[in-house]
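This report refers to the structure that appears directly beneath it.
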Amino acid sequence: MALDKNFDAASAEAKWRVVWEEEGAFKAGANASREETFCIMIPPPNVTGVLHMGHAFNNTLQDILTRWHRMRGFDTLWQPGTDHAGIATQMVVERRLAEAGEPGRRDLGRDAFLDKVWEWKAQSGGTIIQQLKSLGSSCDYSREAFTMSGAPNAPEGNEGNFHDAVIRVFVEMYNKGLIYRGKRLVNWDPHFETAISDLEVENKEVAGHMWHFKYPLAGGETYTYVEKDADGNITLEEERDYISIATTRPETMLGDGAVAVSPKDERYAPIVGKLCEIPVGPKEHRRLIPIITDEYPDPDFGSGAVKITGAHDFNDYQVAKRGNIPMYSLMDTKGAMRADGEPYAEEADTAQAIANGEQDFSEAMIAAMNLVPDEYRGLDRFAARDKVVADITAEGNAVMIANPKADEDGAPATIPYVENKPIMQPFGDRSKVVIEPMLTDQWFVDTDKIVGPAIDAVRNGDTQILPERDAKVYFHWLENIEPWCISRQLWWGHQIPVWYGIAVSDEDAERVGIPPSSGEFQAFCAPTFKEARVIAEKYYGCKVAEAEGDDWKWEFSQEDESKDVMTLFRDPDVLDTWFSSGLWPIGTLGWPEETEALKKYFPTDVLITGFDIIFFWVARMMMMQLAVVDQKPFHTVYVHALVRDEKGKKMSKSLGNVLDPLELIEEFGADAVRFTLTAMAAMGRDLKLSTQRIAGYRNFGTKLWNATRFAEMNDAVGIDVSKEGSAQYTVNKWIIGEVGRTRIAVDSALEQYRFNDAANVLYAFVWGTVCDWYVELCKPLLQGDDAAAKAETQKVLSWVIDQCLILMHPIMPFITEELWDATSDNRAKRLVHTDWPTYGDELIDAAADAEMNWVVSLIESIRSVRSEMGVNAGAKLPLLLLGLDEAAQGAFDRNRVMIERLARLDGVSTVAEAPKGAVTIPVQGGQVCLPLADVIDVAAETARLSKAIDKLDKEIKQTSGKLNNPKFVANAPEEVVNENREGLAAAQAERDKLMGALERVEAL
RNA sequence: GGGUGAUUAGCUCAGUUGGUAGAGCGCUUCGUUUACACCGAAGAUGUCAGGAGUUCGAGUCUCUUAUCACCCACCA
């Protein structure tokens, strides 16, 4: 079958996608010829996501490694699947419901809403997998996994045990005390009304204000406020009846528990221990808070006094815990000021008692207290802020400063002190709203207890992170790790397997063997309610049932104690998505079952991922796998760059600079996109992509196609070559050696994850060596009269093309498979399964190499002279040989037909002396001349020669300078010294020849 | 505030243990010679950010300055 002139990427890709899958080419273990396994876990994309450039890049690299290993006979598994992506997916479904005008999440209720999510998953969940296929990813799709598979509410088609694995891990970790529940200050997303982890918060600098307010001292007390400069001179001394505090968040004032100053701050020493009043709300509602000392306030910042709002600020939280300061929650789940219950108005003596530390509220009581006065209730936090500022200012409790515009008409002499300053503000990475620190009950992984093995594994080399600098990032994060908040107040996810009833006593918990309650409820943790009930029944000594709603109750039977029933309610929260994806390696292989796949492929080999999820995912997988099965999940983590646009900007929809990989695949073909990404995969921080570059590599595919077409036209394809390296002709010996070198270079690059090196080696070999030289050199042999030469060249060319296809296949699978198929009817296997070669140095023939170098450099020199002398490209010139030594003469004779053709020569003769007007060209072992008497331009030739001589002079000066330096000769390795000596001799010889040529030209 | 990285041809970037600077694109000139114009041939272009040091020798190692980027972080 004859190849078309052009490669039709789209139809070839469509065809091979189907064939490969139908033939099971990608199944685990396909083409395995050895025991060793190779397993890659795909970083699971969001189930409702679409393929973006980052995925394309990431999966191209994974596919290269997978295909390479599969061809090498490894028992290979590339495990695919998707992630349920809690927040992201719930957000999408809620938005779709809203757009469709359907009832929202709250109206639907939990079960009905989850049905909607599953529907959406069924509808869009296959998209990204299909897109991976169009990229050519050779995953074992029959094993596609999903992090929510096997969930109790999963519809048909989502069987599997991932859910079981997640729940089981939770239970085990809970029982080992690695997971606990507690009231902590967490990052709260008021849009999604859920807690999120530190990592899901993006701190951004925004323009903010810092207000300065007076907190009046209780009972109208006064003190002398003294400020001194660095030398101790008094710069300000005045009587004050207030303490000045600075804040960027006035709306949290209602929840203040104290004002803190530095213990070293002499200005406030007189009033430490006294009380001051929070100047917000109706007078009868105001609270007094103590002035305390703490190391946290910086005397040089603001006024040196900090209001402490333990429930709404992470620093204040620490201060409040240290100082036993009450923490009052002011806001609801939407970030509005609380409106629940009765507003709590404190009696003056109660305030005093609290301030004195004499009144001790329980945490629960404090949480229930609503300190928000009527006029603030229900206000959004930002509206509340405005109102607080306005109210305080109106009442005269703002600190006033001189008005810089006091001169202007009607301007007041003083104005409230408000600093405009940039402040760092936390935003939810999904919702983009300002995150609110909130004091809530959440589940945490006690990361301190499981982080050790994850650090050790990388430190002692069990798992290697590449490039190494990313290991530093990994260490830094893990060594400073915070407890991991894993509960989310969402519905889409793995519901926490914990049921609650009223707490009876710690002794009962101990008796039953469960962790004691941390509050008014006792938790029973088990994979199913059935199992939880068993524990609970022991604990209560009565029957236990599951509540319909979210409240517990204890039903007493009057006559028969054995009919008492305790009703438990289930924790409504779900687990952080990263908790489940942290179990991806073992979960996809069937853990906790002892599956064949698990035994065979775990620990897996390489994880390929972007640096943006080192913390989110890589670190968590390390911790979780080590905690659960006590084994590292993979031996190598290859961290790749982020794909950016050609200007280096991060691709984002809002910037409109997104390159859609699917569109690119359509325009240039998947192979071109893959090759581009591979060629740019140097271990760096980012990767800039331009369509021009993709077009360049599309052309490369076409080049390969046409080289194969040339071979086909010359009956040089699909020839069965049983043994490599058997050739008589120099050019064939030489190219066989080049193939050997290329295979070594490609393997070595891939072994070191130097994908770009592999791509560049192949590009240079296929285009630069095979197409530019070997194919051209073949032509006179294939089209000449020497039957033996022709036959051998056909065989070798066929073999060379096959090797190109094999070596290129991991990067450009489609075009190579197509050519492999089209060029022979007798292939033993598909290319995707063809054995990767192991030949190498033994194919190199040093003599052939040297000879071809001589030939190539002769051709290049002649071409160069022709071009510079303005010889018509089509014209054929005679060539004169001058004083060639035996080796040079032999090389010339053996390759004469090729030289004549490539240098466009007509007739060769040997002369004793260069004729007048001939351009001489120095070659190793002699000179050659082109008689250009008619066309030679004396000035141009003089210039050419002078320039070449200048260049040589420079080189000679440099090299001889080095060689004349005794220290160089003494210290440099012998090799380097010899290189320089040889270089100098060669340069001098060439210079002599050129000088001779110059003299002759000048004589014209 | 801490950390990491970057600074090499007009552009985008390679450059693995120090040994005479590379690629792609772009540019210039020539050429349709039956694989390929998504092509071929020939060419031009760099104080390797600045400074200092180690060394026989530095784009590469050390220090330093400048600019940029990213990550982490609680300054009210």
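Every chain in the structure tokens takes a letter, A first, then B, and so on in the order presented; its residues are numbered from 1, and the ligands are numbered from 1 following the presented order.
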*Residues of chain A near chain B: apply a cut-off of 7 Å, count only C-alpha atoms (C1' of nucleotides), and supply the list as an MDAnalysis selection string.*
chainID A and resid 246:247 306 314:315 693 699 702:703 706:707 709:710 864 867 873 967:968 971:972 976
*Just list the residues in stretch 210-432 of chain A DSSP gives alpha helix (DSSP H) on the backbone, as a PyMOL selection string.*
chain A and resi 314-323+348-355+363-368+381-395
_Selection: 9 Å around A:Phe675, only C-alpha atoms (C1' of nucleotides), excl. self and same-chain fewer than 5 positions, as a list in words_ =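 My reading of the contact set: Thr60, Ala670, Met680, Ile694, Tyr697, Arg698, Ala759, Ile811 and Met812 of chain A.
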*asked:* I'd like the neighbourhood of A:Leu762 as a PyMOL selection string, where a residue qualifies if any of its atoms comes within 8 Å (using only C-alpha atoms (C1' of nucleotides)), though same-chain residues fewer than 4 positions away should be ignored.
replied: chain A and resi 742+746+758+766+807-808
Please produce an output containing N, CA, C and O atoms for each residue in the selection, written as a short mmCIF file (atom, residue, chain, number, x, y, z; two decimals), in the first residue's frame.
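Heads up, here's the output in again_30.cif:
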```cif
data_model
loop_
_atom_site.label_atom_id
_atom_site.label_comp_id
_atom_site.auth_asym_id
_atom_site.auth_seq_id
_atom_site.Cartn_x
_atom_site.Cartn_y
_atom_site.Cartn_z
N THR A 742 21.66 6.67 19.20
CA THR A 742 20.39 7.32 19.50
C THR A 742 19.60 6.52 20.53
O THR A 742 19.03 7.08 21.46
N VAL A 746 18.36 8.03 24.01
CA VAL A 746 16.94 8.12 24.37
C VAL A 746 16.69 7.41 25.70
O VAL A 746 16.04 7.95 26.60
N ALA A 758 15.24 13.52 25.49
CA ALA A 758 14.80 12.43 24.62
C ALA A 758 14.19 12.99 23.34
O ALA A 758 14.51 12.55 22.24
N VAL A 766 16.26 12.09 13.66
CA VAL A 766 15.36 11.81 12.56
C VAL A 766 15.49 12.87 11.46
O VAL A 766 15.60 12.55 10.28
N LEU A 807 11.54 4.09 18.28
CA LEU A 807 12.07 5.03 19.27
C LEU A 807 11.16 6.25 19.43
O LEU A 807 11.12 6.87 20.49
N MET A 808 10.45 6.58 18.38
CA MET A 808 9.57 7.75 18.43
C MET A 808 8.21 7.41 19.05
O MET A 808 7.46 8.31 19.44
#
```
_Can you tell me which residues surround A:Val800 at a distance of at most 8 Å, considering only C-alpha atoms (C1' of nucleotides), apart from same-chain residues fewer than 3 positions away, and format the answer as a PyMOL selection string?_
chain A and resi 735-736+739+796-797+803-804
Could you save the residues just selected, with all heavy atoms, as a short mmCIF file (atom, residue, chain, number, x, y, z; two decimals), in the first residue's frame?
```cif
data_model
loop_
_atom_site.label_atom_id
_atom_site.label_comp_id
_atom_site.auth_asym_id
_atom_site.auth_seq_id
_atom_site.Cartn_x
_atom_site.Cartn_y
_atom_site.Cartn_z
N ILE A 735 25.29 4.77 9.54
CA ILE A 735 23.95 5.08 10.05
C ILE A 735 23.52 4.05 11.10
O ILE A 735 22.82 4.38 12.06
CB ILE A 735 22.91 5.19 8.90
CG1 ILE A 735 21.61 5.85 9.40
CG2 ILE A 735 22.58 3.82 8.30
CD1 ILE A 735 21.76 7.28 9.82
N ILE A 736 23.98 2.81 10.93
CA ILE A 736 23.64 1.80 11.93
C ILE A 736 24.21 2.20 13.28
O ILE A 736 23.55 2.12 14.32
CB ILE A 736 24.17 0.41 11.48
CG1 ILE A 736 23.31 -0.11 10.31
CG2 ILE A 736 24.15 -0.58 12.64
CD1 ILE A 736 23.91 -1.30 9.59
N VAL A 739 22.14 4.93 14.81
CA VAL A 739 20.93 4.41 15.44
C VAL A 739 21.26 3.89 16.84
O VAL A 739 20.54 4.17 17.80
CB VAL A 739 20.30 3.29 14.58
CG1 VAL A 739 19.18 2.60 15.35
CG2 VAL A 739 19.76 3.85 13.27
N VAL A 796 19.03 -1.69 4.97
CA VAL A 796 19.43 -0.83 6.09
C VAL A 796 18.45 0.33 6.24
O VAL A 796 18.04 0.68 7.35
CB VAL A 796 20.88 -0.33 5.91
CG1 VAL A 796 21.22 0.69 6.99
CG2 VAL A 796 21.85 -1.51 5.97
N LEU A 797 18.05 0.91 5.12
CA LEU A 797 17.11 2.02 5.22
C LEU A 797 15.80 1.55 5.86
O LEU A 797 15.23 2.22 6.73
CB LEU A 797 16.84 2.61 3.83
CG LEU A 797 15.78 3.71 3.76
CD1 LEU A 797 16.13 4.87 4.68
CD2 LEU A 797 15.61 4.22 2.32
N GLN A 803 13.46 1.58 13.16
CA GLN A 803 14.01 1.99 14.46
C GLN A 803 13.50 3.39 14.83
O GLN A 803 13.21 3.67 15.99
CB GLN A 803 15.54 1.96 14.45
CG GLN A 803 16.14 0.61 14.11
CD GLN A 803 15.46 -0.55 14.84
OE1 GLN A 803 15.40 -0.56 16.07
NE2 GLN A 803 14.92 -1.48 14.08
N CYS A 804 13.41 4.25 13.84
CA CYS A 804 12.87 5.59 14.12
C CYS A 804 11.46 5.47 14.67
O CYS A 804 11.09 6.14 15.63
CB CYS A 804 12.86 6.45 12.85
SG CYS A 804 14.49 6.94 12.31
#
```
Any idea what's packed within 6 Å of stretch 288-297 of chain A, counting only C-alpha atoms (C1' of nucleotides), ignoring anything in its chain fewer than 6 positions away? Could you give it as a PDB file with N, CA, C and O atoms, in the first residue's frame?
```pdb
ATOM      1  N   GLY A 257     -12.295  39.912  73.841  1.00  0.00           N
ATOM      2  CA  GLY A 257     -12.244  39.345  75.181  1.00  0.00           C
ATOM      3  C   GLY A 257     -11.246  40.073  76.059  1.00  0.00           C
ATOM      4  O   GLY A 257     -11.243  39.907  77.278  1.00  0.00           O
ATOM      5  N   ALA A 258     -10.394  40.853  75.460  1.00  0.00           N
ATOM      6  CA  ALA A 258      -9.364  41.561  76.220  1.00  0.00           C
ATOM      7  C   ALA A 258      -8.674  42.535  75.290  1.00  0.00           C
ATOM      8  O   ALA A 258      -8.887  42.505  74.077  1.00  0.00           O
ATOM      9  N   VAL A 259      -7.870  43.426  75.917  1.00  0.00           N
ATOM     10  CA  VAL A 259      -6.930  44.222  75.140  1.00  0.00           C
ATOM     11  C   VAL A 259      -5.554  43.809  75.639  1.00  0.00           C
ATOM     12  O   VAL A 259      -5.316  43.756  76.843  1.00  0.00           O
ATOM     13  N   ALA A 260      -4.669  43.475  74.688  1.00  0.00           N
ATOM     14  CA  ALA A 260      -3.345  43.015  75.094  1.00  0.00           C
ATOM     15  C   ALA A 260      -2.300  44.057  74.736  1.00  0.00           C
ATOM     16  O   ALA A 260      -2.396  44.720  73.698  1.00  0.00           O
ATOM     17  N   VAL A 261      -1.322  44.185  75.617  1.00  0.00           N
ATOM     18  CA  VAL A 261      -0.168  45.032  75.337  1.00  0.00           C
ATOM     19  C   VAL A 261       1.080  44.228  75.662  1.00  0.00           C
ATOM     20  O   VAL A 261       1.017  43.231  76.385  1.00  0.00           O
ATOM     21  N   SER A 262       2.196  44.693  75.136  1.00  0.00           N
ATOM     22  CA  SER A 262       3.447  43.996  75.434  1.00  0.00           C
ATOM     23  C   SER A 262       3.831  44.225  76.885  1.00  0.00           C
ATOM     24  O   SER A 262       3.675  45.332  77.398  1.00  0.00           O
ATOM     25  N   PRO A 263       4.347  43.213  77.546  1.00  0.00           N
ATOM     26  CA  PRO A 263       4.756  43.392  78.957  1.00  0.00           C
ATOM     27  C   PRO A 263       5.872  44.411  79.095  1.00  0.00           C
ATOM     28  O   PRO A 263       6.089  44.956  80.168  1.00  0.00           O
ATOM     29  N   VAL A 272      -2.268  48.157  83.063  1.00  0.00           N
ATOM     30  CA  VAL A 272      -2.367  46.706  82.904  1.00  0.00           C
ATOM     31  C   VAL A 272      -3.141  46.139  84.093  1.00  0.00           C
ATOM     32  O   VAL A 272      -2.913  46.524  85.237  1.00  0.00           O
ATOM     33  N   GLY A 273      -4.080  45.257  83.794  1.00  0.00           N
ATOM     34  CA  GLY A 273      -4.899  44.682  84.858  1.00  0.00           C
ATOM     35  C   GLY A 273      -6.196  45.437  85.065  1.00  0.00           C
ATOM     36  O   GLY A 273      -7.128  44.926  85.699  1.00  0.00           O
ATOM     37  N   LYS A 274      -6.277  46.656  84.537  1.00  0.00           N
ATOM     38  CA  LYS A 274      -7.523  47.409  84.668  1.00  0.00           C
ATOM     39  C   LYS A 274      -8.485  46.993  83.557  1.00  0.00           C
ATOM     40  O   LYS A 274      -8.128  46.254  82.651  1.00  0.00           O
ATOM     41  N   LEU A 275      -9.698  47.525  83.633  1.00  0.00           N
ATOM     42  CA  LEU A 275     -10.717  47.193  82.648  1.00  0.00           C
ATOM     43  C   LEU A 275     -10.957  48.366  81.724  1.00  0.00           C
ATOM     44  O   LEU A 275     -10.814  49.525  82.113  1.00  0.00           O
ATOM     45  N   CYS A 276     -11.360  48.010  80.490  1.00  0.00           N
ATOM     46  CA  CYS A 276     -11.800  49.061  79.585  1.00  0.00           C
ATOM     47  C   CYS A 276     -13.082  48.597  78.927  1.00  0.00           C
ATOM     48  O   CYS A 276     -13.450  47.419  79.006  1.00  0.00           O
ATOM     49  N   GLU A 277     -13.749  49.551  78.265  1.00  0.00           N
ATOM     50  CA  GLU A 277     -15.075  49.256  77.732  1.00  0.00           C
ATOM     51  C   GLU A 277     -15.005  49.145  76.221  1.00  0.00           C
ATOM     52  O   GLU A 277     -14.318  49.938  75.546  1.00  0.00           O
ATOM     53  N   ALA A 351     -19.572  41.387  83.977  1.00  0.00           N
ATOM     54  CA  ALA A 351     -18.441  41.776  83.149  1.00  0.00           C
ATOM     55  C   ALA A 351     -17.185  41.870  83.995  1.00  0.00           C
ATOM     56  O   ALA A 351     -16.117  41.382  83.624  1.00  0.00           O
ATOM     57  N   ALA A 355     -13.913  39.645  83.645  1.00  0.00           N
ATOM     58  CA  ALA A 355     -12.638  40.314  83.454  1.00  0.00           C
ATOM     59  C   ALA A 355     -11.645  39.901  84.533  1.00  0.00           C
ATOM     60  O   ALA A 355     -10.453  39.766  84.290  1.00  0.00           O
TER      61      ALA A 355
END
```
*asked:* Quick one: residues within 12 Å of A:Gly610, only C-alpha atoms (C1' of nucleotides), excluding same-chain residues fewer than 4 positions away - as a PyMOL selection string?
replied: chain A and resi 43+53-59+61+465-467+470+614-618+637-643+681+683-687
*Would you mind telling me which residue in A:Val832, A:Pro585, A:Ala98, A:Leu884 lies nearest to A:Gly24 when using only C-alpha atoms?*
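With only C-alpha atoms as the atom set, the closest residue is A:Val832.
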*Out of B:C27, B:U34, B:G2, B:G22, which residue has the shortest atom-to-atom distance to B:C48 when counting only C-alpha atoms (C1' of nucleotides)?*
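Checking each candidate against B:C48, we get B:G22 as the closest.
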